[in-house]
Each structure stands twice: as C-alpha cells, then as structure tokens.
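To start, the structure itself, in structure tokens.
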Amino acid sequence: MFGAVFKGVALSACLSTAAMATELTTFSGPVSIAEPPKTVISYDLGVLDTLTALGVDVAGITDPLLVPALGGLDDGSRVKIGTLFEPDFEQVFALKPDLIIAGPRSRAQIDALAKIAPTVDLSPFSEDIEEVVLTQTRELGALFGKEAKAAELTDHLSRSLDELRGLTNGAGKGLIVMTNGPKLSVFGPGSRFGWVHATLGVEPLIADVEAQTHGEAISFEFLHEANPDWLIIFDRTRATRGDGPTADETLDNELVARTTAMQKGQVIYVHPADFYIATTGVRSLQDTVDQFIDAFRAAQ
C-alpha cells in the first residue's frame, strides 16, 4: 500500500446515502456524497493534481505546494491552508469548506479536520496504482460534473499504459534508485514504487529488495555489480526542495558509469514531484508514463 492503514475516518452527516448521491471509493470504504461540494480543499497533492486536470478549482492550497505543474494555483487567489502534514485550522475554519480531502501525509489530522467539515480519506485504496488513478478520476469527474473530461483523461492514460507495457516487455531489467543527497537506496516489487514493475511492466532486476519507506541503502559497488539494463532514478532532494547534491551529481561515479544502463543511455531521471509527491494524480501519472514511453521507444 502507498500508505499505512488507518481506521475510523470521521464523516459529516452531509455525506449521505441518497439515491442520487455520487459514491467515492475512500481508503476506509465507499462514501456517498449527496451533491457536488462548492468549496473544496485537498491535503493530498495527487488528488489536487486530478482535480486541477479535471478543471475543478479549490479554495485553498498547501504551502509549499511542491509540485511544479501545480504552481499556477499559487497565484495569490487561494488561501494557504498549512502544510501536507500540519493544517492551518484557523484558515480551514474560515473557508467553511463543503469537503476536505485528506491523504497519506495528512491522515493523522483527519479527526481534527472532520470537526470542521466533511472529510474523506482519498489515500490509495489498492496496491494497483492504475486502478486507483482511473477510479478516482472517474469518481471525482462524476462528483463535479466533469464526466467528459474524466473520460478523456482516463482513456488517454489507459492507452498510454498499454503502449508502455508493450515497450517494456522483454526490454531488459530495471532498478529503481533513489538519491537523497549523497545517499543511495533502491526499491523493488512490493515497495512504495513497486508499481513501476507491476503497472508499467519494467522487469525487476532484484526481486527481494527490502521494502523500507526510503528504500534499502546501497553503495556504488552494489550498483556496479548488480549492473541493471535500466536505471530509474528518483532525486528525493529535488522533490522535497532540500539541500545537497542532485542525482546526476551523486551518480557521477566511475563504477556507475560502467553499468549497462549508463553505457547504453537507458537511464530515466523521473520528474521527482510527479513520481513521489503527486504520485496518484492523473496528470502526474500520465507524465511519468510519457517519460517511460519516450525512453523505451528511444532504446528500440
């Protein structure tokens, strides 16, 4: 799962089971909403990414926003509602939202937020990122009367995923490497980035990587000896706007340079905010899929 299990989400009476209600698949089960919310805020940037792609506006944004593609929302017209982890409850209360959307990074605040307004946990409900993104896009499209746009976005993503899986099939084994300043760690199947293998079809180089939150620590020697055909590189420092060397600086190493992936130019530096922060947004996942398609096409 993309996040840890949470139980006992509090929901307002405004979320009803009326016959004409729209149903959302939440982390704790289905929730029906009687009518489209007029004032919405989201503490999940994947959901915010999808809402923005659908053309649904929000009343407030988290600070920092962290996702460059969503930077246009920070134009001074929307209230700053705190960080992904720590809401500004006074601002939230003042907005009088009809719906608050929470996610993995804001899960600890759900009970407090639910005392202000109806709150739903739209953390991923499944290990299958394709199912999560397609479902959330369609359901949010239905909730806000954006069904046509949702169909356009989901059809495009589905076609792209089919194309990508055709390209990755038999194209070699890949390894997901995270750089965090000078530190290296790897991720494999069953990890938070296991969808690169399960959904995008990249054959894993190593099947038994220890599935820790920030991956299994490795050395340059390990990378050299493992010798992946493909390197999928994620720069956590850039994603979180931290200090320290960037991924290309960290990996500027003779041992790494001699790997098959580096020798053949089969290296994908994923857009870090899309890959890590807004992972389950429909535009974000499309962006990642497009990066992979371009790379695997070029290698043919």
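Residue numbering restarts at 1 in every chain; chains get A, B, ... in the order shown in the structure tokens, and ligands count up from 1 in that same order.
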
message: From a backbone DSSP assignment, name each residue in segment 33-275 of chain A labelled strand (DSSP E or B), as a VMD selection string.
response: chain A and resid 33 40 to 42 60 to 61 79 to 80 82 87 99 to 102 119 to 121 173 to 180 183 to 187 203 to 204 216 to 218 230 to 235 267 to 269

For segment 162-164 of chain A, work out the shell of residues within 12 Å, counting only C-alpha atoms and skipping chain neighbours fewer than 5 positions away, then give it as a PyMOL selection string.
-> chain A and resi 130+155-157+169-171+196-197+199-202+286+288-297

So that I have them on file, write out the residues from the current selection with N, CA and C atoms, as a PDB file, in the first residue's frame.
ATOM      1  N   GLU A 130      -2.880   1.860 -11.173  1.00  0.00           N
ATOM      2  CA  GLU A 130      -3.739   2.101 -12.336  1.00  0.00           C
ATOM      3  C   GLU A 130      -5.208   2.129 -11.901  1.00  0.00           C
ATOM      4  N   ASP A 155      -9.076   7.593 -20.674  1.00  0.00           N
ATOM      5  CA  ASP A 155      -8.854   6.873 -21.935  1.00  0.00           C
ATOM      6  C   ASP A 155      -7.416   7.064 -22.417  1.00  0.00           C
ATOM      7  N   HIS A 156      -6.929   8.306 -22.320  1.00  0.00           N
ATOM      8  CA  HIS A 156      -5.552   8.592 -22.730  1.00  0.00           C
ATOM      9  C   HIS A 156      -4.557   7.810 -21.882  1.00  0.00           C
ATOM     10  N   LEU A 157      -4.770   7.815 -20.569  1.00  0.00           N
ATOM     11  CA  LEU A 157      -3.866   7.111 -19.673  1.00  0.00           C
ATOM     12  C   LEU A 157      -3.892   5.609 -19.939  1.00  0.00           C
ATOM     13  N   ASN A 169       8.058  -4.870 -22.257  1.00  0.00           N
ATOM     14  CA  ASN A 169       8.082  -6.326 -22.324  1.00  0.00           C
ATOM     15  C   ASN A 169       9.330  -6.803 -23.071  1.00  0.00           C
ATOM     16  N   GLY A 170      10.214  -7.495 -22.348  1.00  0.00           N
ATOM     17  CA  GLY A 170      11.423  -8.032 -22.954  1.00  0.00           C
ATOM     18  C   GLY A 170      12.518  -7.019 -23.205  1.00  0.00           C
ATOM     19  N   ALA A 171      12.373  -5.814 -22.652  1.00  0.00           N
ATOM     20  CA  ALA A 171      13.348  -4.751 -22.936  1.00  0.00           C
ATOM     21  C   ALA A 171      14.492  -4.691 -21.930  1.00  0.00           C
ATOM     22  N   VAL A 196       6.099   0.574 -10.566  1.00  0.00           N
ATOM     23  CA  VAL A 196       6.935   0.678 -11.767  1.00  0.00           C
ATOM     24  C   VAL A 196       7.067  -0.703 -12.420  1.00  0.00           C
ATOM     25  N   HIS A 197       7.142  -1.730 -11.603  1.00  0.00           N
ATOM     26  CA  HIS A 197       7.214  -3.097 -12.110  1.00  0.00           C
ATOM     27  C   HIS A 197       5.818  -3.659 -12.387  1.00  0.00           C
ATOM     28  N   THR A 199       2.782  -2.205 -12.731  1.00  0.00           N
ATOM     29  CA  THR A 199       1.873  -1.495 -13.634  1.00  0.00           C
ATOM     30  C   THR A 199       2.549  -1.043 -14.925  1.00  0.00           C
ATOM     31  N   LEU A 200       3.776  -0.573 -14.838  1.00  0.00           N
ATOM     32  CA  LEU A 200       4.465  -0.092 -16.037  1.00  0.00           C
ATOM     33  C   LEU A 200       5.162  -1.224 -16.794  1.00  0.00           C
ATOM     34  N   GLY A 201       5.326  -2.353 -16.119  1.00  0.00           N
ATOM     35  CA  GLY A 201       5.854  -3.524 -16.804  1.00  0.00           C
ATOM     36  C   GLY A 201       7.355  -3.645 -16.854  1.00  0.00           C
ATOM     37  N   VAL A 202       8.074  -2.813 -16.126  1.00  0.00           N
ATOM     38  CA  VAL A 202       9.534  -2.909 -16.112  1.00  0.00           C
ATOM     39  C   VAL A 202       9.943  -4.150 -15.311  1.00  0.00           C
ATOM     40  N   GLN A 286       0.303  10.285 -15.857  1.00  0.00           N
ATOM     41  CA  GLN A 286       0.455  10.393 -17.307  1.00  0.00           C
ATOM     42  C   GLN A 286       1.836  10.927 -17.663  1.00  0.00           C
ATOM     43  N   THR A 288       4.604  10.648 -15.908  1.00  0.00           N
ATOM     44  CA  THR A 288       5.593   9.598 -15.663  1.00  0.00           C
ATOM     45  C   THR A 288       5.548   8.550 -16.763  1.00  0.00           C
ATOM     46  N   VAL A 289       4.351   8.132 -17.140  1.00  0.00           N
ATOM     47  CA  VAL A 289       4.208   7.138 -18.207  1.00  0.00           C
ATOM     48  C   VAL A 289       4.802   7.665 -19.513  1.00  0.00           C
ATOM     49  N   ASP A 290       4.549   8.930 -19.813  1.00  0.00           N
ATOM     50  CA  ASP A 290       5.093   9.523 -21.038  1.00  0.00           C
ATOM     51  C   ASP A 290       6.620   9.523 -21.021  1.00  0.00           C
ATOM     52  N   GLN A 291       7.215   9.803 -19.850  1.00  0.00           N
ATOM     53  CA  GLN A 291       8.675   9.747 -19.733  1.00  0.00           C
ATOM     54  C   GLN A 291       9.201   8.356 -20.073  1.00  0.00           C
ATOM     55  N   PHE A 292       8.537   7.338 -19.548  1.00  0.00           N
ATOM     56  CA  PHE A 292       8.965   5.959 -19.790  1.00  0.00           C
ATOM     57  C   PHE A 292       8.780   5.582 -21.255  1.00  0.00           C
ATOM     58  N   ILE A 293       7.659   5.984 -21.844  1.00  0.00           N
ATOM     59  CA  ILE A 293       7.421   5.677 -23.257  1.00  0.00           C
ATOM     60  C   ILE A 293       8.527   6.274 -24.124  1.00  0.00           C
ATOM     61  N   ASP A 294       8.851   7.528 -23.874  1.00  0.00           N
ATOM     62  CA  ASP A 294       9.906   8.188 -24.653  1.00  0.00           C
ATOM     63  C   ASP A 294      11.246   7.438 -24.520  1.00  0.00           C
ATOM     64  N   ALA A 295      11.560   7.030 -23.291  1.00  0.00           N
ATOM     65  CA  ALA A 295      12.848   6.359 -23.049  1.00  0.00           C
ATOM     66  C   ALA A 295      12.895   4.989 -23.706  1.00  0.00           C
ATOM     67  N   PHE A 296      11.834   4.209 -23.567  1.00  0.00           N
ATOM     68  CA  PHE A 296      11.840   2.851 -24.126  1.00  0.00           C
ATOM     69  C   PHE A 296      11.691   2.856 -25.646  1.00  0.00           C
ATOM     70  N   ARG A 297      10.994   3.848 -26.188  1.00  0.00           N
ATOM     71  CA  ARG A 297      10.944   3.996 -27.655  1.00  0.00           C
ATOM     72  C   ARG A 297      12.347   4.267 -28.197  1.00  0.00           C
TER      73      ARG A 297
END

- Mind checking which residues fall within 6 Å of segment 44-51 of chain A, counting only C-alpha atoms, ignoring those fewer than 6 positions away in the same chain, and posting them as number ranges by chain? A: 102-103, 278-282

Between atom CA of Gly72 of chain A and atom CA of Gly55 of chain A lies a distance of 12.9 Å

Restricting to only C-alpha atoms, whichever of A:Ala117, A:Ile41, A:Glu35, A:Phe144 is closest to Ile101 of chain A is A:Ile41

Of A:Gly174, A:Pro87, A:Gly265, A:Gly141, the one nearest to Leu223 of chain A when counting only C-alpha atoms is A:Gly174

Min atom-atom distance to Phe89 of chain A from the set A:Lys115, A:Lys149, A:Arg165, A:Arg138, counting only C-alpha atoms, belongs to A:Lys115

**Study point:** Shell around Thr22 of chain A at 7 Å using only C-alpha atoms, local window under 3 positions removed, as a ChimeraX atom specification
**Key:** /A:32-34,142-143

Could you please take those selected residues and save C-alpha atoms as a PDB file, in the first residue's frame?
ATOM      1  CA  SER A  32     -21.758   8.689  -0.818  1.00  0.00           C
ATOM      2  CA  ILE A  33     -21.959  12.455  -1.256  1.00  0.00           C
ATOM      3  CA  ALA A  34     -25.394  13.949  -1.803  1.00  0.00           C
ATOM      4  CA  ALA A 142     -18.848  12.363 -11.691  1.00  0.00           C
ATOM      5  CA  LEU A 143     -18.962  14.301  -8.406  1.00  0.00           C
TER       6      LEU A 143
END

Would you kindly return, as a PyMOL selection string, each protein, DNA or RNA residue with an atom no farther than 8 Å from any atom of Thr39 of chain A, considering only C-alpha atoms and excluding same-chain residues fewer than 5 positions away? chain A and resi 58-59+95-99

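One distance worth recording is that between atom CA of Arg159 of chain A and atom CA of Leu134 of chain A, which is 12.0 Å.
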
- Query: For the atom pair atom CA of Phe220 of chain A and atom CA of Pro204 of chain A, what is the interatomic distance in Å to one decimal place?
  - Reply: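 About the pair atom CA of Phe220 of chain A and atom CA of Pro204 of chain A: they are 18.7 Å apart.
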
Residues of segment 54-295 of chain A in alpha helix (DSSP H) according to DSSP, as an MDAnalysis selection string?
-> chainID A and resid 54 89:95 110:114 129:143 147:168 195:198 220:226 236:239 247:250 254:257 260:264 272 282:295

Shortest contact to Val92 of chain A, candidates A:Gln263, A:Thr25, A:Asn253, A:Thr62, atoms counted only C-alpha atoms, goes to A:Thr62

Thr246 of chain A proximity check over A:Leu54, A:Ala150, A:Leu184, A:Ile277, using only C-alpha atoms: winner is A:Leu184

| task | Do a neighbour search on Gly244 of chain A at 12 Å with only C-alpha atoms, toss out local chain neighbours closer than 3 positions, and write the hits as a list in words. | result |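 Final neighbour list, sorted by chain and number: Thr179, Asn180, Gly181, Pro182, Lys183, Asp235, Arg236, Thr237, Arg238, Thr240, Arg241, Ala247, Asp248, Glu249 and Thr250 of chain A.
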
Of A:Leu140, A:Leu231, A:Leu255, A:Ala239, the one sitting nearest Ser219 of chain A when using only C-alpha atoms is A:Leu255
